[in-house]
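Okay, structure first, notes after.
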Amino acid sequence: MSQLAENIAKLEGYIARFKDTGVLNRIAGKPVPAKSGDTFDNFSPVDEEFICKVAKGGAADVDAAAQAAKDAFPAWRDMAGTERKKILHKIADGIVARAEEIAFAECYDTGQAIRFMSKAALRGAENFRFFGDKAPDARNGQQLPSPTLMNVTTRVPIGPVGVITPWNTPFMLSTWKIAPALAAGCTVVHKPAEFSPVTASILLEIAEEAGLPAGVWNLVNGFGEDAGKALTEHPDIKAIAFVGESQTGSMIMKQGADTLKRTHFELGGKNPVIVFDDAKLDRALDAAIFMIYSLNGERCTSSSRLLVQSSIADEFLEKMTKRVNNIKVGHPLDPSTEIGPLIHKVHYDKVCSYFDIAKQDGATIAAGGKAKDGKGWFVEPTLFTGASNDMRIAREEIFGPVLTAIIFDDEADALSLANDTQYGLTGYVWTNDLTRAMRFTDKLEAGMIWVNSENVRHLPTPFGGVKASGIGRDGGDWSFDFYMEQKHIGFATGHHKIPQLGA
Ligand code: NAD
């Protein structure tokens, strides 16, 4: 049996139970259907086959979940950080034990290739360990004595929070938001993306088996415009951690205004990779290809605009075209596959529409530019050349395996092109000139920049974007800034003079 056939047989074992029961909501520790009884069908992007029915939650389900999170909050908040740490580590152990099941289900539900998803599942476990280790110190503050007062600060968890996640790497992203929330002492209502609901329910099952008290983490499936919207408007939900499109972030801000919701947004990107002629060009080529074509290009931090210096552009683009034509598109469970299908027909239609847009705008399709025949939402990895920064292919987030290459002459030109975008999530700079790297990164408008490197995530560092790419930071202690409130308490150290009115 080939490795692919073996993996498909295993997958069937892993997802068979969802065919019987569907994906349910989980509220106060119990799997439950939507109160309305409504469901929606979930299909795989790989072969367009039916996977399972999914509970179609709405406002009533969100209300029940918010109530459960509110009821569970005081005990979870007051549990010693060392105890929360133990539970978070047990969740990590549970993820590791079921990493293959998670990775396989994720591949079939999203179309992401197994070579990346097996690591993403383990990254999920790491998120729980990292923030679990921080739980005992989460409430720590400062002493700021003044002449008459001993001022101390402490942090307290904000309360029940809503977590809304997208479909691109749903398992990893859910852990990324939920682990710090739990470590901080918050309780959670999670609304995963409707296109990829399967692994969110496995994750919560693992958490409850690890001893997470009922109601601390609740799951409501459903669509953004009803379950998602209701969550952002619920008065008992104190904050919304959102990962998704910039336009949705803007809607959530409006929806949350009446209840003065605190929001944290990780949004879209049109990230530049800038290659100067003095760079190590082979490494730059590897990294630029990896950062746009891995994860099907459905990656917020993807380097979707290649800015390459004119003196090396021809040679660099020729090499790149050869490599892009060589990328292996195939079944996500085939270990040799580099690109799987896009998440859904809706998204596939959007990505494919840019092939015509590129031609109309006068760019050249140097590689790809077509959908693949047959079942599933497969597209060819695509490279646009002869592009300028004012074309739609350079301005809009395509969110597929599609790269737009633009040529620049000098550093000033590169900087102005790089910053001429509504987004500002990441930037990748390739140069061997240290002073140029310092100068350039200082002026580059992005929340995260890598010099002579692809995106290598280090959990203690801040993660987030500027401009339309986001508000707020995750990672390290920054996550606690969002999930916790700072509190100041001043203790009088003596009998200082108190102003006497009406004395
Ligand atoms: P999306 O904004 O369409 O959906 C994300 C989530 O929001 C889903 O769960 C959806 O149901 C929900 N939603 C939709 N409308 C809502 C509303 N009115 N109120 C509340 N919730 C609502 O995004 P997507 O298409 O699922 O994901 C792709 C996007 O996510 C891309 O733009 C990508 O760049 C971004 N993303 C950003 C990061 C980051 O860290 N910056 C990471 C991953 C993905």
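So you can find residues: chains in the structure tokens are A, B, ... in the order shown, residues in each start at 1, and ligands are numbered from 1 in order.
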Given 6 Å and only C-alpha atoms and all ligand atoms, residues near ligand 1 as a VMD selection string: chain A and resid 164 to 167 191 to 194 223 to 225 228 to 229 243 to 245 248 251 to 252 266 to 269 299 to 300
Restrict the selected residues to C-alpha atoms and save them as a CSV table (one decimal), in the first residue's frame.
```csv
chain,number,residue,atom,x,y,z
A,164,ILE,CA,-13.3,33.9,16.7
A,165,THR,CA,-10.9,32.0,14.3
A,166,PRO,CA,-10.5,31.6,10.6
A,167,TRP,CA,-10.1,28.5,8.4
A,191,LYS,CA,-16.6,30.3,17.4
A,192,PRO,CA,-14.5,28.5,14.8
A,193,ALA,CA,-14.7,29.2,11.1
A,194,GLU,CA,-17.7,27.5,9.4
A,223,PHE,CA,-21.8,31.4,10.6
A,224,GLY,CA,-20.1,34.7,11.2
A,225,GLU,CA,-23.2,36.7,10.6
A,228,GLY,CA,-20.1,35.3,15.4
A,229,LYS,CA,-22.1,38.5,15.5
A,243,VAL,CA,-8.2,36.4,13.6
A,244,GLY,CA,-9.6,36.9,10.1
A,245,GLU,CA,-10.1,39.4,7.4
A,248,THR,CA,-14.5,41.5,9.3
A,251,MET,CA,-17.5,44.9,11.3
A,252,ILE,CA,-16.7,43.4,14.7
A,266,GLU,CA,-5.0,39.7,13.7
A,267,LEU,CA,-6.0,40.6,10.2
A,268,GLY,CA,-4.9,40.4,6.6
A,269,GLY,CA,-1.6,41.1,4.9
A,299,ARG,CA,-1.3,32.3,5.3
A,300,CYS,CA,-1.6,35.8,6.8
```
Residues within 12 Å of Val32 (chain A), only C-alpha atoms, excluding chain neighbours under 6 positions, as an NGL selection string: :A and (21-26 or 38-39 or 54-57 or 61 or 64-65 or 201 or 218-221)
Take the residues just selected and output them with N, CA and C atoms as a compact mmCIF listing (two decimals), in the first residue's frame.
```txt
# COMPACT_ATOMS: atom_id res chain seq x y z
N THR A 21 -22.22 11.36 14.26
CA THR A 21 -22.79 12.31 15.24
C THR A 21 -22.79 13.74 14.72
N GLY A 22 -22.00 14.04 13.70
CA GLY A 22 -21.82 15.42 13.27
C GLY A 22 -20.92 16.14 14.26
N VAL A 23 -20.61 17.39 13.93
CA VAL A 23 -19.85 18.22 14.88
C VAL A 23 -20.88 19.01 15.70
N LEU A 24 -20.83 18.81 17.01
CA LEU A 24 -21.79 19.46 17.90
C LEU A 24 -21.17 20.69 18.56
N ASN A 25 -22.00 21.49 19.18
CA ASN A 25 -21.47 22.53 20.07
C ASN A 25 -21.08 21.85 21.37
N ARG A 26 -20.27 22.50 22.18
CA ARG A 26 -19.96 21.96 23.52
C ARG A 26 -20.14 23.10 24.51
N ASP A 38 -30.90 23.31 13.97
CA ASP A 38 -30.36 23.52 12.62
C ASP A 38 -28.92 22.99 12.51
N THR A 39 -28.61 22.51 11.31
CA THR A 39 -27.23 22.08 11.01
C THR A 39 -26.83 22.62 9.64
N VAL A 54 -22.86 19.89 10.82
CA VAL A 54 -22.31 20.73 11.88
C VAL A 54 -23.45 21.52 12.52
N ALA A 55 -23.45 21.59 13.85
CA ALA A 55 -24.48 22.37 14.55
C ALA A 55 -24.40 23.82 14.08
N LYS A 56 -25.56 24.37 13.70
CA LYS A 56 -25.57 25.76 13.22
C LYS A 56 -26.06 26.64 14.36
N GLY A 57 -25.09 27.06 15.17
CA GLY A 57 -25.42 27.84 16.36
C GLY A 57 -25.87 29.26 16.00
N ASP A 61 -27.63 29.91 21.34
CA ASP A 61 -26.52 29.04 21.72
C ASP A 61 -25.37 29.87 22.31
N ALA A 64 -26.25 30.74 25.83
CA ALA A 64 -26.04 29.63 26.77
C ALA A 64 -24.55 29.46 27.05
N ALA A 65 -23.74 29.59 26.00
CA ALA A 65 -22.28 29.41 26.17
C ALA A 65 -21.70 30.55 27.01
N SER A 201 -13.52 20.91 17.64
CA SER A 201 -14.26 20.07 18.59
C SER A 201 -13.34 18.99 19.17
N ASN A 218 -16.07 26.89 26.01
CA ASN A 218 -17.30 26.46 25.33
C ASN A 218 -17.15 26.69 23.84
N LEU A 219 -17.83 25.86 23.08
CA LEU A 219 -17.67 25.91 21.62
C LEU A 219 -19.04 26.10 20.98
N VAL A 220 -19.16 27.14 20.17
CA VAL A 220 -20.39 27.34 19.39
C VAL A 220 -20.01 27.42 17.92
N ASN A 221 -20.49 26.44 17.15
CA ASN A 221 -20.25 26.46 15.70
C ASN A 221 -21.31 27.32 15.04
```
Between CA of Asp481 (chain A) and CA of Arg139 (chain A) - distance in Å to one decimal: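 Spanning CA of Arg139 (chain A) to CA of Asp481 (chain A) is a straight-line distance of 10.9 Å.
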Within 10 Å of Gly185 (chain A) using only C-alpha atoms, minus same-chain residues under 2 positions, as a list of chain:residue names: A:Phe73, A:Pro74, A:Ala75, A:Trp76, A:Arg77, A:Asp78, A:Met79, A:Ala80, A:Gly81, A:Arg84, A:Ala135, A:Ala138, A:Arg139, A:Val156, A:Pro157, A:Ile158, A:Gly159, A:Pro160, A:Pro180, A:Ala181, A:Leu182, A:Ala183, A:Thr187, A:Val188, A:Val216, A:Phe480, A:Tyr483, A:Met484
